[in-house]
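Chemist: My structure is in work.txt, and what it holds is compact mmCIF, C-alpha atoms:
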```txt
# COMPACT_ATOMS: atom_id res chain seq x y z
CA MET N 1 16.93 0.54 -3.59
CA TYR N 2 17.21 0.55 0.18
CA HIS N 3 20.57 0.52 1.96
CA LEU N 4 20.41 -0.06 5.71
CA HIS N 5 23.37 1.01 7.84
CA ILE N 6 23.65 -0.99 11.05
CA ALA N 7 26.27 -1.77 13.70
CA ASN N 8 27.40 -4.93 15.50
CA LYS N 9 24.57 -7.45 15.80
CA ASN N 10 25.68 -8.63 19.22
CA TYR N 11 25.15 -5.20 20.76
CA SER N 12 23.03 -2.96 18.53
CA SER N 13 19.42 -3.35 19.58
CA TRP N 14 18.44 -0.26 17.60
CA SER N 15 19.83 -1.78 14.40
CA LEU N 16 17.86 -4.98 14.90
CA ARG N 17 14.49 -3.23 14.66
CA PRO N 18 14.45 -2.09 11.00
CA TRP N 19 16.66 -5.00 9.91
CA LEU N 20 14.15 -7.50 11.28
CA LEU N 21 11.15 -5.59 9.99
CA MET N 22 12.49 -5.45 6.46
CA THR N 23 13.71 -9.05 6.53
CA GLU N 24 10.41 -10.41 7.84
CA LEU N 25 8.39 -8.48 5.26
CA ASP N 26 10.76 -9.40 2.41
CA ILE N 27 11.53 -5.75 1.70
CA GLU N 28 14.69 -5.92 -0.37
CA PHE N 29 17.65 -4.02 1.05
CA THR N 30 21.42 -4.02 1.19
CA GLU N 31 22.87 -4.41 4.66
CA ILE N 32 25.86 -2.18 5.39
CA MET N 33 27.71 -3.20 8.55
CA ASN N 34 29.56 -0.42 10.38
CA PRO N 35 31.33 -1.91 13.41
CA PHE N 36 31.50 0.13 16.60
CA GLU N 37 34.87 1.55 17.62
CA GLU N 38 36.30 1.36 21.11
CA ASN N 39 36.75 5.11 21.57
CA GLY N 40 33.40 6.08 20.09
CA SER N 41 31.84 5.82 16.65
CA TRP N 42 30.16 9.20 16.25
CA HIS N 43 32.62 10.65 13.73
CA LYS N 44 32.65 7.43 11.74
CA PHE N 45 28.87 7.13 11.67
CA ARG N 46 28.44 10.79 10.75
CA LYS N 47 29.69 9.91 7.28
CA PHE N 48 26.33 8.29 6.54
CA SER N 49 24.03 9.30 9.43
CA PRO N 50 23.21 12.93 10.33
CA SER N 51 22.86 11.98 14.01
CA GLY N 52 26.07 9.97 14.10
CA LEU N 53 24.01 6.99 15.22
CA VAL N 54 22.65 3.77 13.74
CA PRO N 55 20.45 2.65 12.17
CA CYS N 56 20.22 4.86 9.12
CA LEU N 57 18.28 4.04 5.96
CA ASN N 58 19.41 5.31 2.58
CA HIS N 59 16.82 5.15 -0.21
CA GLN N 60 17.78 5.74 -3.82
CA LYS N 61 14.34 5.90 -5.42
CA SER N 62 15.71 6.26 -8.93
CA LYS N 63 18.85 7.28 -10.78
CA THR N 64 17.37 10.70 -11.46
CA LEU N 65 16.31 11.51 -7.88
CA ASP N 66 18.43 12.47 -4.90
CA GLU N 67 19.05 9.94 -2.18
CA ILE N 68 16.79 10.07 0.87
CA ASN N 69 18.36 9.48 4.28
CA VAL N 70 16.15 8.45 7.20
CA TRP N 71 17.69 8.00 10.65
CA ASP N 72 16.28 6.66 13.93
CA SER N 73 14.51 3.30 13.99
CA LEU N 74 11.03 4.76 14.48
CA ALA N 75 11.43 7.27 11.65
CA ILE N 76 12.67 4.46 9.40
CA THR N 77 9.62 2.41 10.31
CA GLU N 78 7.20 5.20 9.45
CA TYR N 79 9.04 5.90 6.19
CA LEU N 80 8.76 2.26 5.19
CA ALA N 81 5.06 2.32 6.11
CA GLU N 82 4.52 5.03 3.50
CA HIS N 83 5.64 2.53 0.87
CA ASP N 84 4.36 -0.73 2.34
CA LYS N 85 1.02 -1.16 4.14
CA ARG N 86 2.20 -4.37 5.83
CA VAL N 87 4.39 -2.44 8.27
CA TRP N 88 1.39 -1.74 10.54
CA PRO N 89 -1.72 -3.87 11.17
CA GLU N 90 -4.65 -3.42 8.79
CA ASN N 91 -7.22 -3.15 11.56
CA ILE N 92 -7.47 0.42 12.85
CA THR N 93 -7.76 -0.62 16.51
CA ALA N 94 -4.80 -2.97 16.26
CA ARG N 95 -2.84 -0.33 14.37
CA ALA N 96 -3.46 2.31 17.05
CA TRP N 97 -2.41 -0.13 19.78
CA ALA N 98 0.67 -1.25 17.84
CA ARG N 99 1.80 2.33 17.28
CA SER N 100 1.32 3.16 20.97
CA ALA N 101 3.17 0.04 22.13
CA THR N 102 5.97 0.74 19.66
CA ALA N 103 6.33 4.33 20.84
CA GLU N 104 6.37 3.17 24.46
CA MET N 105 9.20 0.78 23.68
CA HIS N 106 11.05 3.46 21.75
CA SER N 107 11.00 5.99 24.59
CA GLY N 108 10.28 3.94 27.71
CA PHE N 109 11.46 0.93 29.72
CA PRO N 110 14.54 2.79 31.06
CA ALA N 111 15.50 0.18 33.65
CA LEU N 112 15.36 -2.62 31.10
CA ARG N 113 17.68 -0.65 28.85
CA ASN N 114 20.08 0.44 31.58
CA TYR N 115 20.40 -2.82 33.49
CA CYS N 116 20.12 -5.15 30.51
CA PRO N 117 22.08 -3.83 27.53
CA MET N 118 21.80 -6.18 24.58
CA ASN N 119 24.51 -8.82 24.37
CA CYS N 120 23.24 -11.80 22.40
CA GLY N 121 26.19 -14.07 23.12
CA LEU N 122 26.28 -14.01 26.91
CA ARG N 123 24.19 -15.71 29.57
CA ILE N 124 24.05 -13.50 32.65
CA GLN N 125 22.62 -13.75 36.15
CA PHE N 126 22.04 -10.69 38.31
CA ASN N 127 23.66 -10.67 41.74
CA GLU N 128 20.53 -8.81 42.86
CA GLN N 129 17.76 -7.99 40.40
CA PRO N 130 16.86 -4.27 40.67
CA ALA N 131 13.34 -3.30 41.72
CA ALA N 132 13.08 -0.84 38.83
CA LEU N 133 13.80 -3.67 36.42
CA ASN N 134 11.04 -5.77 37.96
CA LYS N 135 8.64 -2.88 37.38
CA ASP N 136 9.55 -2.72 33.69
CA ILE N 137 9.13 -6.48 33.34
CA SER N 138 5.66 -6.28 34.90
CA ARG N 139 4.70 -3.58 32.40
CA LEU N 140 6.10 -5.69 29.57
CA GLU N 141 3.97 -8.66 30.64
CA GLU N 142 0.90 -6.45 30.92
CA LEU N 143 1.43 -4.98 27.47
CA TRP N 144 2.04 -8.29 25.72
CA GLN N 145 -0.94 -9.86 27.50
CA GLN N 146 -3.12 -7.01 26.28
CA GLY N 147 -1.97 -7.54 22.71
CA PHE N 148 -2.74 -11.25 22.79
CA ASN N 149 -6.09 -10.78 24.52
CA ASN N 150 -7.25 -8.12 22.10
CA PHE N 151 -5.86 -9.40 18.80
CA GLY N 152 -5.45 -13.15 19.23
CA GLY N 153 -1.76 -13.64 18.40
CA PRO N 154 0.53 -15.30 17.57
CA PHE N 155 2.13 -11.87 17.08
CA LEU N 156 1.57 -8.89 19.34
CA ALA N 157 -1.03 -7.18 17.15
CA GLY N 158 -2.62 -10.17 15.47
CA ASP N 159 -1.82 -12.97 13.09
CA LYS N 160 0.85 -11.12 11.09
CA PHE N 161 4.31 -9.83 11.96
CA THR N 162 4.32 -6.01 12.08
CA ALA N 163 6.52 -3.19 13.32
CA VAL N 164 5.53 -3.65 16.96
CA ASP N 165 7.09 -7.14 16.91
CA ALA N 166 10.29 -5.71 15.42
CA PHE N 167 10.55 -3.15 18.20
CA TYR N 168 10.20 -5.73 20.97
CA ALA N 169 12.61 -8.20 19.34
CA PRO N 170 15.66 -6.79 21.22
CA VAL N 171 13.75 -7.33 24.47
CA ILE N 172 13.41 -10.99 23.58
CA PHE N 173 17.17 -11.33 23.25
CA ARG N 174 17.56 -9.49 26.56
CA LEU N 175 15.17 -11.88 28.32
CA GLN N 176 17.22 -14.78 27.00
CA THR N 177 20.60 -13.26 27.90
CA TYR N 178 19.71 -12.27 31.47
CA GLY N 179 17.44 -15.22 32.22
CA LEU N 180 14.60 -12.89 33.18
CA LYS N 181 11.46 -14.69 34.28
CA VAL N 182 8.20 -13.68 32.61
CA ASN N 183 4.69 -15.07 32.67
CA GLU N 184 3.38 -17.87 30.47
CA VAL N 185 2.03 -15.62 27.72
CA ALA N 186 5.27 -13.66 27.46
CA THR N 187 7.33 -16.86 27.51
CA SER N 188 5.23 -18.34 24.70
CA TYR N 189 5.67 -15.23 22.57
CA MET N 190 9.40 -15.17 23.27
CA GLU N 191 9.76 -18.79 22.17
CA HIS N 192 7.66 -18.14 19.07
CA MET N 193 9.93 -15.28 18.03
CA LEU N 194 13.27 -16.95 18.81
CA VAL N 195 12.66 -19.80 16.35
CA ARG N 196 11.85 -17.51 13.45
CA LYS N 197 14.49 -17.69 10.74
CA PRO N 198 15.40 -13.96 10.69
CA MET N 199 15.87 -13.94 14.47
CA GLN N 200 18.06 -17.04 14.23
CA THR N 201 20.09 -15.46 11.43
CA TRP N 202 20.71 -12.30 13.46
CA TYR N 203 21.62 -14.36 16.52
CA ASP N 204 24.03 -16.66 14.65
CA GLU N 205 25.77 -13.70 13.03
CA ALA N 206 25.97 -11.91 16.39
CA LEU N 207 27.76 -14.91 17.89
CA ALA N 208 30.20 -14.99 14.99
CA GLU N 209 31.36 -11.39 15.49
CA GLU N 210 34.87 -10.95 16.88
CA TRP N 211 34.66 -7.34 18.08
CA ARG N 212 34.16 -6.81 21.83
CA ASP N 213 33.03 -3.69 23.68
CA ILE N 214 35.35 -4.10 26.64
CA ALA N 215 33.93 -1.26 28.75
CA HIS N 216 30.40 -2.55 28.19
CA GLU N 217 31.31 -6.07 29.24
CA GLU N 218 33.27 -4.93 32.29
CA GLU N 219 30.22 -2.94 33.40
CA ILE N 220 28.05 -6.05 33.11
CA ALA N 221 30.50 -8.04 35.23
CA GLU N 222 30.31 -5.47 38.05
CA SER N 223 26.62 -6.04 38.78
CA SER N 224 26.09 -9.60 37.63
CA THR N 225 27.68 -12.97 36.96
CA ILE N 226 28.50 -14.08 33.44
CA ILE N 227 27.47 -17.72 33.34
CA LYS N 228 28.29 -18.52 29.71
CA ASP N 229 29.93 -16.87 26.74
CA LEU N 230 28.53 -18.55 23.62
CA ARG N 231 30.33 -16.36 21.10
CA ASN N 232 32.81 -17.74 18.62
CA ARG N 233 36.29 -16.61 19.58
```
In structure tokens, what does this structure look like?
Modeler:
Amino acid sequence: MYHLHIANKNYSSWSLRPWLLMTELDIEFTEIMNPFEENGSWHKFRKFSPSGLVPCLNHQKSKTLDEINVWDSLAITEYLAEHDKRVWPENITARAWARSATAEMHSGFPALRNYCPMNCGLRIQFNEQPAALNKDISRLEELWQQGFNNFGGPFLAGDKFTAVDAFYAPVIFRLQTYGLKVNEVATSYMEHMLVRKPMQTWYDEALAEEWRDIAHEEEIAESSTIIKDLRNR
């Protein structure tokens, strides 16, 4: 049985990745919510995650075997792929591209991460959109266009949802939150993903959360204008 430790859905982009992957592929798991704490969550998260970070997957293969802990969203993805071939595309070319695009998202796009932290419930407008952010958006458009051109869609690596879609799902929420303009292909993919039931479930539950990261939200307000707060209070 899989047990997936995650944190607040409004903020935790890293948690969304394996949660969405497992939900979309109907991989049965128990969700364990571990809310962030205002003064840091490392000590709290260390109780279940060696890195003190989320997500962390716990796998009890059988009553007679020790539990297996897998931390970091990419490591979790590869672990799941050892047990389920649907995690990556079947086609070797699509699979190589999907792995590369996933790794690029995992370690790249620094401006998109820094200037646009995930906050599902807000609608935000930049006072001045940073040039570095524009560069990341251009690369995002290029990458998604390549996926659609090479593999035909409607997902990034073909006609089935795979890990690469899970890794770019937090970006989709960021595009929505910050009103970032992208080309027609990227907009179409974004709209396709936002109406999927697992994405809607995550979004609805994010809006229902009561916890607020005050420092995070004050930082957002310094460089941008909060247009709407859609969260349930």
Chemist: Under the rule that only C-alpha atoms are counted, which of N:Pro117, N:Pro89, N:Gly179, N:Gly108 is the nearest residue to Lys160 of chain N?
Modeler: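 Among the listed residues, the smallest separation from Lys160 of chain N belongs to N:Pro89.
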Chemist: Pick from N:Leu53, N:Asp229, N:Pro154, N:Ile172: nearest to Glu217 of chain N, with all atoms listed in the file counted?
Modeler: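 Result for the nearest residue to Glu217 of chain N: N:Asp229.
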Chemist: Just the number, please: distance in Å from atom CA of Gln60 of chain N to atom CA of Arg95 of chain N, one decimal.
Modeler: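 Straight-line distance from atom CA of Gln60 of chain N to atom CA of Arg95 of chain N works out to 28.2 Å.
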Chemist: Looking at all atoms listed in the file, which of N:Glu37, N:Glu82, N:Glu128, N:Asp136 is the one that sits closest to Trp211 of chain N?
Modeler: N:Glu37
Chemist: Quick one: everything within 10 Å of Ala111 of chain N, counting all atoms listed in the file, minus sequence neighbours fewer than 2 positions away in the same chain. Send it as a ChimeraX atom specification.
Modeler: /N:108-109,113-117,130-137
Chemist: Please indicate the distance in Å from atom CA of Asn8 of chain N to atom CA of Leu112 of chain N, rounded to one decimal place.
Modeler: 19.8 Å
Chemist: With all atoms listed in the file as the atoms that count, which of N:Ile32, N:Val54, N:Leu175, N:Leu25 lies nearest to Ile124 of chain N?
Modeler: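 Among the listed residues, N:Leu175 lies closest to Ile124 of chain N.
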Chemist: For segment 99-177 of chain N against segment 181-201 of chain N, with a cut-off of 7 Å and counting only C-alpha atoms, what is the closest atom pair and its distance in Å to one decimal for every residue that makes the cut, ordered by chain and number, as a tab-separated table?
Modeler:
```
residue	atom	partner	partner_atom	distance
N:Glu141	CA	N:Ala186	CA	6.1
N:Trp144	CA	N:Ala186	CA	6.5
N:Gln145	CA	N:Val185	CA	6.5
N:Ile172	CA	N:Met190	CA	5.8
```
Chemist: How many Å lie between atom CA of Leu21 of chain N and atom CA of Arg231 of chain N, rounded to one decimal?
Modeler: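 Answer for the atom CA of Leu21 of chain N to atom CA of Arg231 of chain N separation: 24.6 Å.
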Chemist: With all atoms listed in the file as the basis for distance, which of N:Trp202, N:Phe148, N:Phe29, N:Trp19 is at the shortest distance from Ala94 of chain N?
Modeler: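 Smallest separation from Ala94 of chain N among the options: N:Phe148.
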Chemist: Give me the residues within 9 Å of Gln125 of chain N as a short mmCIF file (atom, residue, chain, number, x, y, z; two decimals) with C-alpha atoms, in the frame of the given file, counting all atoms listed in the file and dropping any in the same chain fewer than 3 places off.
Modeler:
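Dumped everything to around-v8.cif:
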```cif
data_model
loop_
_atom_site.label_atom_id
_atom_site.label_comp_id
_atom_site.auth_asym_id
_atom_site.auth_seq_id
_atom_site.Cartn_x
_atom_site.Cartn_y
_atom_site.Cartn_z
CA GLU N 128 20.53 -8.81 42.86
CA GLN N 129 17.76 -7.99 40.40
CA THR N 177 20.60 -13.26 27.90
CA TYR N 178 19.71 -12.27 31.47
CA GLY N 179 17.44 -15.22 32.22
CA LEU N 180 14.60 -12.89 33.18
CA SER N 224 26.09 -9.60 37.63
CA THR N 225 27.68 -12.97 36.96
CA ILE N 226 28.50 -14.08 33.44
CA ILE N 227 27.47 -17.72 33.34
#
```
Chemist: Would you mind telling me which residue in N:Ile6, N:Ala208, N:Met118, N:Ala157 lies nearest to Phe173 of chain N when using only C-alpha atoms?
Modeler: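 Residue with the minimum atom-to-atom distance to Phe173 of chain N: N:Met118.
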Chemist: Enclose segment 159-172 of chain N, meaning all of its atoms listed in the file, in a box aligned along x, y and z, pad it by 4 Å on each side, and list the centre and edge lengths in Å to one decimal, as JSON.
Modeler:
```
{"center_x": 6.9, "center_y": -8.1, "center_z": 17.8, "size_x": 25.5, "size_y": 17.8, "size_z": 21.4}
```
Chemist: Compile the contact shell of segment 96-101 of chain N as a VMD selection string: residues with an atom at most 7 Å away, counting all atoms listed in the file, same-chain residues fewer than 4 positions apart removed.
Modeler: chain N and resid 92 105 157 164
Chemist: Name the residues in contact with segment 9-17 of chain N at a cut-off of 8 Å, using only C-alpha atoms, excluding same-chain residues fewer than 2 positions from it; report them as a list in words.
Modeler: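 Surrounding residues, per the criterion: His5, Ile6, Ala7, Trp19, Leu20, Leu21, Val54, Pro55, Ser73, Pro117, Met118, Asn119, Cys120, Gly121, Ala166, Phe167, Ala169, Pro170, Trp202, Tyr203, Glu205, Ala206, Leu207 and Glu209 of chain N.
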Chemist: Excluding same-chain residues fewer than 3 positions from Leu74 of chain N, what lies within 9 Å of it counting all atoms listed in the file, as a list in words?
Modeler: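 Surrounding residues, per the criterion: Arg17, Pro18, Trp71, Thr77, Glu78, Tyr79, Thr102, Ala103, His106 and Phe167 of chain N.
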